[in-house]
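Engineer: For reference, this is run_8.txt, and it has compact mmCIF, C-alpha atoms.
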# COMPACT_ATOMS: atom_id res chain seq x y z
CA MET A 15 31.00 9.72 -15.08
CA ASN A 16 33.01 11.91 -12.75
CA PRO A 17 33.79 10.03 -9.53
CA THR A 18 32.74 12.97 -7.38
CA GLU A 19 29.34 13.44 -9.05
CA ASN A 20 27.50 11.46 -6.42
CA LEU A 21 28.69 13.79 -3.69
CA VAL A 22 26.90 16.57 -5.50
CA LYS A 23 23.86 14.64 -6.65
CA ARG A 24 22.96 12.94 -3.38
CA LEU A 25 22.07 15.29 -0.54
CA PRO A 26 23.74 14.28 2.73
CA THR A 27 20.30 13.91 4.28
CA ASP A 28 18.98 11.51 1.60
CA MET A 29 19.28 8.20 3.39
CA GLY A 30 16.55 5.95 2.01
CA GLY A 31 17.99 2.56 1.11
CA LEU A 32 21.55 3.23 2.26
CA PRO A 33 23.31 0.55 4.33
CA ALA A 34 22.76 1.08 8.04
CA GLY A 35 22.81 -0.80 11.30
CA ARG A 36 20.14 -1.74 13.79
CA VAL A 37 17.66 0.83 15.04
CA GLN A 38 18.87 2.01 18.45
CA GLN A 39 15.68 2.89 20.27
CA THR A 40 17.20 5.91 21.92
CA GLU A 41 15.33 8.98 22.89
CA HIS A 42 16.15 11.91 25.09
CA GLU A 43 14.28 14.67 26.78
CA LEU A 44 15.05 17.82 24.83
CA LEU A 45 17.51 20.16 26.51
CA PRO A 46 16.00 23.59 27.17
CA TRP A 47 18.00 25.19 24.37
CA GLU A 48 16.91 22.45 21.96
CA LYS A 49 13.29 23.09 22.77
CA ARG A 50 13.84 26.82 22.31
CA CYS A 51 15.49 26.02 18.97
CA HIS A 52 12.49 23.98 17.89
CA ALA A 53 10.15 26.77 18.97
CA LEU A 54 12.33 29.22 17.04
CA ALA A 55 11.92 27.13 13.89
CA ASP A 56 8.15 27.19 14.28
CA VAL A 57 8.10 30.94 14.90
CA LEU A 58 10.39 31.64 11.92
CA ASP A 59 8.15 29.48 9.72
CA TYR A 60 4.99 31.16 10.98
CA HIS A 61 6.42 34.56 10.04
CA LYS A 62 7.83 33.16 6.80
CA ILE A 63 11.21 34.52 7.79
CA ILE A 64 12.60 31.02 7.24
CA ASN A 65 9.99 28.57 6.00
CA THR A 66 10.24 24.87 6.77
CA GLU A 67 11.46 24.01 3.30
CA GLU A 68 14.18 26.66 3.48
CA LYS A 69 15.25 25.17 6.80
CA ARG A 70 15.53 21.72 5.25
CA ARG A 71 17.56 23.11 2.36
CA GLY A 72 19.73 25.02 4.81
CA VAL A 73 20.52 21.84 6.75
CA GLU A 74 21.33 20.00 3.52
CA GLN A 75 23.70 22.73 2.50
CA LEU A 76 25.78 22.31 5.62
CA GLY A 77 27.32 19.39 3.75
CA GLY A 78 28.08 15.81 4.71
CA ASP A 79 30.70 16.46 7.38
CA MET A 80 28.54 18.80 9.43
CA VAL A 81 25.38 16.78 8.84
CA GLY A 82 27.17 13.72 10.17
CA ALA A 83 28.90 15.38 13.13
CA LEU A 84 26.33 17.82 14.49
CA THR A 85 23.26 16.76 16.42
CA TYR A 86 19.78 17.48 15.14
CA TYR A 87 19.23 20.89 16.73
CA GLU A 88 22.88 21.90 16.31
CA ARG A 89 22.32 21.53 12.56
CA TRP A 90 19.20 23.65 12.75
CA ILE A 91 20.73 26.58 14.57
CA VAL A 92 23.78 26.75 12.29
CA ALA A 93 21.48 26.52 9.26
CA PHE A 94 19.32 29.35 10.63
CA ALA A 95 22.33 31.59 11.12
CA LEU A 96 23.54 31.01 7.58
CA ILE A 97 20.11 31.55 6.05
CA LEU A 98 19.64 34.77 8.03
CA PHE A 99 22.97 35.99 6.67
CA GLN A 100 21.94 35.10 3.12
CA LYS A 101 18.73 37.03 3.57
CA ALA A 102 20.67 40.00 4.94
CA LEU A 103 18.63 39.89 8.14
CA LEU A 104 21.75 39.39 10.23
CA THR A 105 25.43 39.78 9.51
CA PRO A 106 28.13 37.35 10.61
CA GLY A 107 29.72 40.18 12.56
CA GLU A 108 26.54 40.93 14.49
CA LEU A 109 26.11 37.28 15.43
CA ALA A 110 29.74 36.87 16.44
CA LYS A 111 29.55 39.94 18.66
CA LYS A 112 26.33 38.80 20.28
CA MET A 113 27.70 35.30 20.85
CA ASP A 114 30.71 36.80 22.65
CA GLU A 115 28.36 38.88 24.77
CA VAL A 116 26.18 35.88 25.64
CA GLY A 117 29.22 33.74 26.42
CA ALA A 118 30.66 36.46 28.65
CA ARG A 119 27.51 36.49 30.81
CA HIS A 120 28.36 33.01 32.03
CA ALA A 121 32.12 33.40 32.38
CA ARG A 122 33.36 33.27 35.92
CA MET B 10 -40.15 25.85 -0.73
CA THR B 11 -37.75 24.74 -3.48
CA THR B 12 -36.73 21.12 -3.22
CA VAL B 13 -33.24 20.41 -4.51
CA THR B 14 -33.15 17.04 -6.21
CA ASN B 15 -30.18 17.19 -8.56
CA PHE B 16 -26.47 17.60 -7.83
CA PRO B 17 -25.04 20.78 -9.37
CA GLN B 18 -23.65 20.32 -12.85
CA PRO B 19 -20.36 21.98 -13.80
CA ILE B 20 -21.02 25.34 -15.42
CA ARG B 21 -19.46 25.15 -18.86
CA GLU B 22 -18.47 28.81 -18.98
CA THR B 23 -16.13 28.42 -15.97
CA VAL B 24 -12.63 28.33 -17.41
CA LYS B 25 -9.96 26.97 -15.12
CA ALA B 26 -6.61 28.64 -14.73
CA ALA B 27 -3.41 26.90 -15.77
CA GLY B 28 -2.43 24.35 -13.12
CA GLU B 29 -5.88 24.13 -11.54
CA THR B 30 -6.69 20.75 -13.03
CA PRO B 31 -4.65 17.79 -11.87
CA VAL B 32 -2.79 16.12 -14.71
CA PHE B 33 -3.12 12.64 -13.19
CA LYS B 34 -5.84 10.75 -11.42
CA ALA B 35 -5.97 7.79 -9.04
CA GLY B 36 -5.14 4.60 -10.89
CA ASP B 37 -2.84 6.21 -13.46
CA SER B 38 0.46 4.49 -14.12
CA VAL B 39 3.27 7.00 -13.79
CA GLY B 40 7.01 7.08 -14.17
CA ILE B 41 9.17 9.15 -11.85
CA SER B 42 11.70 11.19 -13.79
CA GLU B 43 15.28 10.12 -13.90
CA ARG B 44 16.88 13.45 -13.32
CA PHE B 45 19.35 14.64 -10.72
CA PRO B 46 18.81 18.17 -9.52
CA VAL B 47 21.45 19.53 -7.19
CA GLY B 48 20.99 21.84 -4.24
CA HIS B 49 17.60 20.71 -2.96
CA TYR B 50 15.10 18.04 -3.91
CA ARG B 51 12.23 16.17 -2.33
CA VAL B 52 12.28 13.02 -4.47
CA PRO B 53 14.74 10.63 -2.82
CA MET B 54 17.44 9.04 -4.99
CA TYR B 55 15.90 5.61 -4.43
CA MET B 56 12.76 6.73 -6.32
CA ARG B 57 14.42 8.11 -9.45
CA GLY B 58 13.27 6.38 -12.61
CA LYS B 59 10.80 4.11 -10.81
CA ARG B 60 7.27 3.35 -11.94
CA GLY B 61 4.19 3.37 -9.78
CA ILE B 62 0.46 3.93 -9.57
CA VAL B 63 -1.19 7.14 -8.44
CA GLU B 64 -3.23 6.41 -5.31
CA LEU B 65 -4.46 9.86 -4.39
CA ILE B 66 -4.44 13.43 -5.61
CA LEU B 67 -3.48 15.73 -2.71
CA ARG B 68 -5.67 18.78 -2.70
CA PRO B 69 -5.49 21.71 -2.98
CA ALA B 70 -2.71 22.48 -5.46
CA ALA B 71 0.38 23.81 -3.73
CA ILE B 72 3.75 25.44 -4.23
CA ASN B 73 6.60 23.35 -5.62
CA ASN B 74 8.55 22.62 -2.44
CA GLU B 75 11.85 22.25 -4.26
CA GLU B 76 11.55 25.89 -5.29
CA GLU B 77 10.11 26.87 -1.93
CA GLY B 78 13.38 25.72 -0.39
CA PHE B 79 15.03 28.64 -2.11
CA GLY B 80 12.45 31.15 -1.01
CA ARG B 81 10.00 30.92 -3.90
CA ASN B 82 6.99 30.69 -1.65
CA ALA B 83 4.39 32.10 -4.05
CA GLY B 84 3.42 31.72 -7.67
CA SER B 85 2.39 28.84 -9.86
CA LYS B 86 1.08 25.85 -7.98
CA GLY B 87 0.65 22.24 -8.95
CA TYR B 88 -0.55 19.00 -7.51
CA TYR B 89 1.21 16.47 -5.37
CA TYR B 90 0.22 12.86 -5.78
CA ARG B 91 0.57 9.87 -3.48
CA VAL B 92 2.30 7.34 -5.70
CA ALA B 93 2.61 3.67 -4.73
CA VAL B 94 5.62 1.64 -5.82
CA PRO B 95 6.07 -2.05 -4.99
CA LEU B 96 9.11 -2.64 -2.79
CA ALA B 97 10.19 -5.35 -5.21
CA GLU B 98 10.42 -2.68 -7.91
CA LEU B 99 12.57 -0.47 -5.69
CA TRP B 100 14.97 -3.09 -4.34
CA PRO B 101 16.30 -5.97 -6.43
CA GLY B 102 16.04 -9.15 -4.42
CA TYR B 103 13.41 -7.80 -2.02
CA SER B 104 12.60 -10.77 0.16
CA GLY B 105 9.16 -9.76 1.40
CA PRO B 106 5.79 -10.42 -0.23
CA SER B 107 5.14 -8.88 -3.64
CA GLN B 108 2.24 -6.79 -2.31
CA ASP B 109 4.50 -4.80 0.01
CA ARG B 110 4.73 -1.24 -1.24
CA LEU B 111 5.98 2.22 -0.58
CA VAL B 112 3.76 5.29 -0.93
CA ILE B 113 5.30 8.72 -1.35
CA GLU B 114 4.17 12.23 -2.27
CA ILE B 115 5.58 13.42 -5.59
CA PHE B 116 5.05 16.79 -7.25
CA GLU B 117 3.50 16.85 -10.70
CA THR B 118 6.68 18.04 -12.48
CA TRP B 119 8.42 14.78 -11.57
CA LEU B 120 5.78 12.49 -13.11
CA GLU B 121 5.23 11.22 -16.65
CA ARG B 122 2.34 9.13 -17.87
CA ILE B 123 3.37 5.62 -18.87
CA MET C 1 31.18 7.43 1.78
CA ILE C 2 28.96 10.45 1.85
CA ILE C 3 27.30 9.93 5.19
CA SER C 4 30.00 9.50 7.80
CA ASP C 5 29.16 6.73 10.20
CA HIS C 6 29.61 9.10 13.08
CA HIS C 7 28.13 8.06 16.38
CA HIS C 8 25.56 10.78 15.95
CA ASP C 9 23.94 8.71 13.23
CA HIS C 10 23.16 6.14 15.90
CA ASP C 11 22.42 8.47 18.74
CA PRO C 12 21.41 11.85 17.43
CA GLY C 13 20.73 14.56 19.87
CA HIS C 14 22.35 12.88 22.83
CA PRO C 15 23.26 15.80 25.03
CA LYS C 16 26.96 16.34 25.48
CA THR C 17 27.99 16.15 29.09
CA GLY C 18 30.14 18.88 30.47
CA ASP C 19 29.96 21.88 32.74
CA GLU C 20 26.22 22.16 33.35
CA SER C 21 26.41 25.86 34.23
CA MET C 22 28.25 26.95 31.10
CA PRO C 23 26.14 26.94 27.95
CA GLY C 24 27.71 25.11 25.04
CA TYR C 25 28.64 26.61 21.70
CA TYR C 26 25.31 25.88 20.05
CA GLU C 27 23.25 27.06 22.98
CA ILE C 28 25.17 30.33 22.85
CA MET C 29 24.43 30.54 19.14
CA GLU C 30 20.73 29.85 19.72
CA THR C 31 20.52 32.49 22.44
CA ALA C 32 22.35 35.04 20.32
CA VAL C 33 20.21 34.44 17.23
CA ARG C 34 17.01 34.64 19.26
CA GLU C 35 18.01 37.85 21.04
CA LEU C 36 19.10 39.51 17.81
CA LEU C 37 15.82 38.61 16.10
CA VAL C 38 13.87 40.11 19.01
CA GLU C 39 16.07 43.23 19.05
CA LYS C 40 15.44 43.68 15.34
CA LYS C 41 11.72 43.18 15.94
CA LEU C 42 11.59 40.28 13.52
CA ILE C 43 10.01 38.16 16.23
CA GLY C 44 8.15 39.25 19.35
CA PRO C 45 9.70 38.81 22.81
CA GLY C 46 7.12 36.28 24.05
CA GLU C 47 6.73 34.20 20.90
CA ILE C 48 9.31 31.54 21.69
CA ARG C 49 7.93 31.02 25.17
CA ARG C 50 4.41 30.73 23.79
CA GLN C 51 5.49 28.23 21.15
CA ILE C 52 7.21 26.13 23.80
CA GLU C 53 3.86 25.93 25.58
CA VAL C 54 2.28 24.79 22.33
CA LEU C 55 4.95 22.11 21.89
CA ASP C 56 4.68 20.93 25.50
CA SER C 57 0.94 20.47 25.07
CA ARG C 58 1.35 18.05 22.14
CA THR C 59 1.96 14.48 23.28
CA PRO C 60 1.01 11.01 22.07
CA ALA C 61 -1.95 11.15 24.46
CA LEU C 62 -3.69 13.39 21.92
CA GLY C 63 -3.27 10.85 19.14
CA ALA C 64 -4.37 8.08 21.50
CA LYS C 65 -7.65 9.91 22.18
CA VAL C 66 -8.27 10.24 18.45
CA VAL C 67 -7.58 6.55 17.90
CA ALA C 68 -9.80 5.48 20.79
CA ARG C 69 -12.65 7.62 19.48
CA ALA C 70 -12.25 6.08 16.02
CA TRP C 71 -12.46 2.64 17.58
CA VAL C 72 -15.74 3.31 19.37
CA ASP C 73 -17.46 5.67 16.90
CA PRO C 74 -17.68 4.47 13.28
CA GLU C 75 -18.89 7.85 12.04
CA PHE C 76 -15.93 9.62 13.62
CA LYS C 77 -13.64 7.01 12.10
CA ALA C 78 -15.13 7.71 8.67
CA ARG C 79 -14.53 11.43 9.16
CA LEU C 80 -10.98 10.74 10.35
CA LEU C 81 -10.21 8.67 7.28
CA ALA C 82 -11.76 11.29 5.00
CA ASN C 83 -9.91 14.27 6.50
CA GLY C 84 -7.49 13.56 9.30
CA ARG C 85 -6.81 17.16 10.21
CA ALA C 86 -10.47 18.17 10.41
CA ALA C 87 -11.24 15.15 12.62
CA CYS C 88 -8.41 16.08 15.00
CA GLU C 89 -9.64 19.66 15.06
CA GLU C 90 -12.93 18.32 16.47
CA PHE C 91 -10.82 17.56 19.58
CA GLY C 92 -9.34 21.07 19.56
CA ILE C 93 -6.03 19.74 18.18
CA SER C 94 -4.90 22.65 16.04
CA PHE C 95 -2.43 22.21 13.20
CA TYR C 96 -0.10 25.06 14.04
CA ASP C 97 2.41 24.00 11.37
CA ASP C 98 -0.15 24.15 8.57
CA THR C 99 0.28 20.52 7.59
CA GLN C 100 -2.49 18.16 6.57
CA LEU C 101 -3.06 14.74 8.14
CA ILE C 102 -3.95 11.43 6.59
CA ALA C 103 -4.90 8.62 8.97
CA LEU C 104 -3.69 5.27 7.65
CA GLU C 105 -5.92 2.45 8.81
CA ASN C 106 -4.35 -0.87 9.70
CA THR C 107 -6.55 -3.84 8.80
CA ASP C 108 -6.26 -7.59 8.59
CA GLN C 109 -4.95 -7.04 5.05
CA VAL C 110 -2.68 -4.00 5.43
CA HIS C 111 -0.13 -2.82 7.99
CA ASN C 112 1.05 0.77 7.69
CA LEU C 113 4.36 2.26 8.77
CA ILE C 114 5.54 5.87 8.52
CA VAL C 115 8.99 7.32 7.94
CA CYS C 116 10.70 10.42 6.56
CA THR C 117 13.84 9.36 4.73
CA LEU C 118 14.86 12.92 3.79
CA CYS C 119 14.45 14.63 7.14
CA SER C 120 12.06 14.09 10.07
CA CYS C 121 8.51 14.84 8.93
CA TYR C 122 6.21 13.60 11.68
CA PRO C 123 2.64 14.41 12.80
CA ARG C 124 3.86 16.75 15.56
CA PRO C 125 0.56 18.55 16.16
CA VAL C 126 -1.09 15.30 17.27
CA LEU C 127 1.86 13.24 18.57
CA GLY C 128 4.38 15.77 19.85
CA LEU C 129 8.06 15.56 18.96
CA PRO C 130 9.47 12.40 17.39
CA PRO C 131 11.88 10.06 19.17
CA ASP C 132 15.56 10.23 18.26
CA TRP C 133 15.50 6.87 16.51
CA TYR C 134 12.86 8.08 14.06
CA LYS C 135 15.22 10.89 12.98
CA ALA C 136 18.37 8.75 12.80
CA LYS C 137 19.96 6.94 9.89
CA PRO C 138 19.16 3.30 10.70
CA TYR C 139 15.40 3.82 10.70
CA ARG C 140 15.32 6.27 7.82
CA ALA C 141 17.59 4.15 5.65
CA ARG C 142 16.04 0.74 6.34
CA ALA C 143 12.31 1.31 6.94
CA VAL C 144 11.80 1.84 3.21
CA LYS C 145 14.04 -1.05 2.18
CA GLU C 146 13.41 -3.84 4.67
CA PRO C 147 10.38 -2.84 6.74
CA ARG C 148 9.68 -6.36 7.96
CA VAL C 149 13.21 -6.68 9.37
CA VAL C 150 12.94 -3.28 11.04
CA LEU C 151 9.56 -4.22 12.51
CA ALA C 152 11.06 -7.44 13.83
CA GLU C 153 13.66 -5.33 15.66
CA PHE C 154 10.72 -3.71 17.44
CA GLY C 155 9.33 -7.15 18.24
CA THR C 156 6.61 -6.87 15.60
CA ASP C 157 5.96 -9.75 13.27
CA ILE C 158 3.60 -9.12 10.37
CA PRO C 159 2.40 -12.28 8.57
CA GLU C 160 3.35 -12.68 4.91
CA ASN C 161 -0.29 -12.48 3.80
CA VAL C 162 -0.58 -8.96 5.24
CA GLU C 163 0.63 -6.18 2.94
CA ILE C 164 3.09 -3.70 4.41
CA ARG C 165 2.65 -0.13 3.24
CA VAL C 166 5.45 2.25 4.07
CA SER C 167 4.61 5.94 3.74
CA ASP C 168 7.63 8.20 3.15
CA SER C 169 6.65 11.83 3.94
CA THR C 170 8.10 14.43 1.62
CA ALA C 171 5.63 17.31 1.41
CA MET C 172 2.87 18.94 3.45
CA VAL C 173 0.92 15.84 4.46
CA ARG C 174 1.67 14.01 7.71
CA TYR C 175 0.56 10.54 8.63
CA LEU C 176 -0.95 8.90 11.68
CA VAL C 177 -1.32 5.15 11.76
CA LEU C 178 -4.72 4.06 13.03
CA PRO C 179 -3.81 0.75 14.69
CA GLN C 180 -6.22 -2.17 14.92
CA ARG C 181 -8.20 -2.43 18.11
CA PRO C 182 -6.92 -5.44 20.04
CA ALA C 183 -9.14 -8.39 20.84
CA GLY C 184 -10.52 -8.64 24.35
CA THR C 185 -11.35 -4.93 24.69
CA ASP C 186 -15.07 -5.00 24.03
CA ASN C 187 -15.90 -3.78 27.53
CA PHE C 188 -13.20 -1.11 27.71
CA THR C 189 -14.14 2.51 28.16
CA GLU C 190 -12.78 5.06 25.72
CA GLU C 191 -10.24 6.15 28.35
CA GLN C 192 -9.11 2.58 28.87
CA LEU C 193 -8.75 2.13 25.13
CA ALA C 194 -6.72 5.33 24.79
CA ALA C 195 -4.37 4.10 27.53
CA LEU C 196 -3.46 1.15 25.31
CA VAL C 197 -2.41 3.26 22.34
CA THR C 198 1.28 4.14 22.32
CA ARG C 199 3.25 6.53 20.16
CA ASP C 200 5.07 3.64 18.51
CA ALA C 201 1.75 2.06 17.50
CA MET C 202 0.76 5.31 15.78
CA ILE C 203 4.09 5.32 13.92
CA GLY C 204 3.34 1.73 12.97
CA VAL C 205 6.38 -0.04 14.41
CA ILE C 206 4.31 -1.94 16.94
CA LYS C 207 0.73 -3.14 17.19
CA VAL C 208 -1.57 -2.31 20.06
CA ASN C 209 -2.09 -5.19 22.42
CA LEU C 210 -3.12 -5.66 26.00
CA ASP C 211 0.50 -6.12 27.08
CA ASN C 212 1.74 -2.63 26.22
CA ARG C 213 -0.40 -0.56 28.47
CA HIS C 214 1.58 2.51 29.32
CA THR C 215 1.32 5.10 32.02
CA PRO C 216 0.23 8.44 30.58
As structure tokens, how would this structure be written, given the file I've shared?

Structural biologist:
Amino acid sequence: MNPTENLVKRLPTDMGGLPAGRVQQTEHELLPWEKRCHALADVLDYHKIINTEEKRRGVEQLGGDMVGALTYYERWIVAFALILFQKALLTPGELAKKMDEVGARHAR
Amino acid sequence: MTTVTNFPQPIRETVKAAGETPVFKAGDSVGISERFPVGHYRVPMYMRGKRGIVELILRPAAINNEEEGFGRNAGSKGYYYRVAVPLAELWPGYSGPSQDRLVIEIFETWLERI
Amino acid sequence: MIISDHHHDHDPGHPKTGDESMPGYYEIMETAVRELLVEKKLIGPGEIRRQIEVLDSRTPALGAKVVARAWVDPEFKARLLANGRAACEEFGISFYDDTQLIALENTDQVHNLIVCTLCSCYPRPVLGLPPDWYKAKPYRARAVKEPRVVLAEFGTDIPENVEIRVSDSTAMVRYLVLPQRPAGTDNFTEEQLAALVTRDAMIGVIKVNLDNRHTP
């Protein structure tokens, strides 16, 4: 057996039975952008532009480093961008340009 | 006025399409396949190769969600089943009572009759 | 190790502090994606706002009403157990995400607990959004392996002669635990009963008792 097989076979989101610590009963009120991101997921699913299963697969395909480092909604929005590129609904260039424009609105 | 006294009987001439009849029924012993698809799956690693009992057929038949994850959101459908597996079967040395169990939805293509 | 033990596994979604007036990288990305989709007419300009209203209207109070009704009305309870979604729809609780619902009844013989080990499946139409801990590694990893220990961490002790049934959601069905009605509530009104039912009781990590009355 190849030592790296398990990295490929086990999705980074497949956690059942893995060693883990105590449940930290944390919760937080969603930030406005997080709530918009959740609403975006629902709207994309409703239109079948990105269905819920595609979203899950998109998050999985971010890979272990990103899945571990990004927060819940951060993973979603990156996954959406990548899926939209794959579906040729957006291009990376368009998104980059728009992100610059949005960022510039708030620059001093 | 006509009084209905009997439940309708299945009409023998009605032929069902492929995939319309569930393969398994509640109470069936099933094995969960020991295979390792890459890319996307909905059967967790901890369930691979385990044996359980079908508790419920989920109706109606639906799209295979592992394929749906790659955009195949139409086409042949199948049944999902709620399958119960004792925790002692899943985890060697499980310290809780033997009746404790896990119930999980599994798509038909992952199940074999045992 | 595949899953890095990053602090986000313990505290997912904790907002990063920083300059409150300057949107962060991911907020900029979300805004840009949304605006591009509207510009391209893939989504309508008011749809996100409308969906936020839908989300804001879904809270555990809805589930609590359903549970309280099941406690006082045996025929409603039978309908709830036969078809969870249809019973909730009697209350006007629509299933906007097209999922189905199975109500899992706790009894003297069985205690139910719900989890989604692969992601964060949760009965959002009737409970609202899940707490961070439900979506984080400790709960998802251990609820299926050592449920009694996890329950103990919530202060819940289930006797050995009661079966624990853990439901791991993987497909289009969502689960709502129907907790046992606590003793000493025979004279409670339906509203008073609903006030006892917390989100965590409908996930199955705690039982309903007269001590955990919450403010709505």

Engineer: Near chain C, meaning an atom within 8 Å, which residues of chain B appear when counting all atoms listed in the file? Write them as a ChimeraX atom specification.

Structural biologist: /B:51-53,74,96,100,103,105-106,108-115

Engineer: Using C-alpha atoms, can you write the selected residues to a file as a short mmCIF file (atom, residue, chain, number, x, y, z; two decimals), in the coordinates of the input?

Structural biologist:
data_model
loop_
_atom_site.label_atom_id
_atom_site.label_comp_id
_atom_site.auth_asym_id
_atom_site.auth_seq_id
_atom_site.Cartn_x
_atom_site.Cartn_y
_atom_site.Cartn_z
CA ARG B 51 12.23 16.17 -2.33
CA VAL B 52 12.28 13.02 -4.47
CA PRO B 53 14.74 10.63 -2.82
CA ASN B 74 8.55 22.62 -2.44
CA LEU B 96 9.11 -2.64 -2.79
CA TRP B 100 14.97 -3.09 -4.34
CA TYR B 103 13.41 -7.80 -2.02
CA GLY B 105 9.16 -9.76 1.40
CA PRO B 106 5.79 -10.42 -0.23
CA GLN B 108 2.24 -6.79 -2.31
CA ASP B 109 4.50 -4.80 0.01
CA ARG B 110 4.73 -1.24 -1.24
CA LEU B 111 5.98 2.22 -0.58
CA VAL B 112 3.76 5.29 -0.93
CA ILE B 113 5.30 8.72 -1.35
CA GLU B 114 4.17 12.23 -2.27
CA ILE B 115 5.58 13.42 -5.59
#

Engineer: Using all atoms listed in the file, determine which residues lie at most 12 Å from Glu35 in chain C, disregarding the query and same-chain residues fewer than 5 positions distant; provide the list as a VMD selection string.

Structural biologist: (chain A and resid 50 54 104 108 to 109 111 to 113 115 to 116) or (chain C and resid 28 to 30 40 to 48)

Engineer: Pull C-alpha atoms from the residues just selected and write them as a PDB file, in the coordinates of the input.

Structural biologist:
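Heads up, here's the output in again_21.pdb:
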ATOM      1  CA  ARG A  50      13.840  26.820  22.310  1.00  0.00           C
ATOM      2  CA  LEU A  54      12.330  29.220  17.040  1.00  0.00           C
ATOM      3  CA  LEU A 104      21.750  39.390  10.230  1.00  0.00           C
ATOM      4  CA  GLU A 108      26.540  40.930  14.490  1.00  0.00           C
ATOM      5  CA  LEU A 109      26.110  37.280  15.430  1.00  0.00           C
ATOM      6  CA  LYS A 111      29.550  39.940  18.660  1.00  0.00           C
ATOM      7  CA  LYS A 112      26.330  38.800  20.280  1.00  0.00           C
ATOM      8  CA  MET A 113      27.700  35.300  20.850  1.00  0.00           C
ATOM      9  CA  GLU A 115      28.360  38.880  24.770  1.00  0.00           C
ATOM     10  CA  VAL A 116      26.180  35.880  25.640  1.00  0.00           C
TER      11      VAL A 116
ATOM     12  CA  ILE C  28      25.170  30.330  22.850  1.00  0.00           C
ATOM     13  CA  MET C  29      24.430  30.540  19.140  1.00  0.00           C
ATOM     14  CA  GLU C  30      20.730  29.850  19.720  1.00  0.00           C
ATOM     15  CA  LYS C  40      15.440  43.680  15.340  1.00  0.00           C
ATOM     16  CA  LYS C  41      11.720  43.180  15.940  1.00  0.00           C
ATOM     17  CA  LEU C  42      11.590  40.280  13.520  1.00  0.00           C
ATOM     18  CA  ILE C  43      10.010  38.160  16.230  1.00  0.00           C
ATOM     19  CA  GLY C  44       8.150  39.250  19.350  1.00  0.00           C
ATOM     20  CA  PRO C  45       9.700  38.810  22.810  1.00  0.00           C
ATOM     21  CA  GLY C  46       7.120  36.280  24.050  1.00  0.00           C
ATOM     22  CA  GLU C  47       6.730  34.200  20.900  1.00  0.00           C
ATOM     23  CA  ILE C  48       9.310  31.540  21.690  1.00  0.00           C
TER      24      ILE C  48
END

Engineer: Where does chain A meet chain B within 8 Å, residue by residue, with the nearest atom pair and distance in Å to one decimal for each, counting only C-alpha atoms, listed by chain and rising number, as JSON lines?

Structural biologist:
{"residue": "A:Val22", "atom": "CA", "partner": "B:Val47", "partner_atom": "CA", "distance": 6.4}
{"residue": "A:Lys23", "atom": "CA", "partner": "B:Val47", "partner_atom": "CA", "distance": 5.5}
{"residue": "A:Arg24", "atom": "CA", "partner": "B:Met54", "partner_atom": "CA", "distance": 6.9}
{"residue": "A:Leu25", "atom": "CA", "partner": "B:His49", "partner_atom": "CA", "distance": 7.4}
{"residue": "A:Asp28", "atom": "CA", "partner": "B:Pro53", "partner_atom": "CA", "distance": 6.2}
{"residue": "A:Gly30", "atom": "CA", "partner": "B:Tyr55", "partner_atom": "CA", "distance": 6.5}
{"residue": "A:Gly31", "atom": "CA", "partner": "B:Tyr55", "partner_atom": "CA", "distance": 6.7}
{"residue": "A:Asn65", "atom": "CA", "partner": "B:Gly78", "partner_atom": "CA", "distance": 7.8}
{"residue": "A:Thr66", "atom": "CA", "partner": "B:Gly78", "partner_atom": "CA", "distance": 7.9}
{"residue": "A:Glu67", "atom": "CA", "partner": "B:Gly78", "partner_atom": "CA", "distance": 4.5}
{"residue": "A:Glu68", "atom": "CA", "partner": "B:Gly78", "partner_atom": "CA", "distance": 4.1}
{"residue": "A:Lys69", "atom": "CA", "partner": "B:Gly78", "partner_atom": "CA", "distance": 7.4}
{"residue": "A:Arg70", "atom": "CA", "partner": "B:Gly78", "partner_atom": "CA", "distance": 7.2}
{"residue": "A:Arg71", "atom": "CA", "partner": "B:Gly78", "partner_atom": "CA", "distance": 5.6}
{"residue": "A:Glu74", "atom": "CA", "partner": "B:His49", "partner_atom": "CA", "distance": 7.5}
{"residue": "A:Gln75", "atom": "CA", "partner": "B:Gly48", "partner_atom": "CA", "distance": 7.3}

Engineer: Kindly give the distance, in Å, that separates CA of Tyr96 in chain C and CA of Val66 in chain C, rounded to a single decimal.

Structural biologist: 17.5 Å

Engineer: For chain C, which residue out of A:Arg36, A:Lys62, A:Lys101, A:Arg89 is the nearest one, using all atoms listed in the file?

Structural biologist: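 Among the listed residues, A:Arg36 lies closest to chain C.
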
Engineer: Between CA of Ala27 in chain B and CA of Lys86 in chain B, measure the distance and give it in Å to one decimal.

Structural biologist: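 Taking CA of Ala27 in chain B and CA of Lys86 in chain B, their separation equals 9.1 Å.
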
Engineer: Just the number, please: distance in Å from CA of Leu127 in chain C to CA of Gly63 in chain C, one decimal.

Structural biologist: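 Separating CA of Leu127 in chain C from CA of Gly63 in chain C is a distance of 5.7 Å.
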
Engineer: May I ask which of the residues C:Lys207, C:Arg58, C:Arg34, C:Arg79 is the closest one to chain A, counting only C-alpha atoms?

Structural biologist: C:Arg34

Engineer: Using only C-alpha atoms, which of A:Met29, A:Ala55, A:Ala102, A:Ala83 sits nearest Ala141 in chain C?

Structural biologist: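 Between A:Met29, A:Ala55, A:Ala102, A:Ala83, the residue approaching Ala141 in chain C most closely is A:Met29.
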
Engineer: Leaving out Gln39 in chain A and any residue of its chain fewer than 3 positions from it, which residues lie within 12 Å of it when counting only C-alpha atoms, given as a ChimeraX atom specification?

Structural biologist: /A:36,42 /C:10-12,130-139,150,153-154,200,205
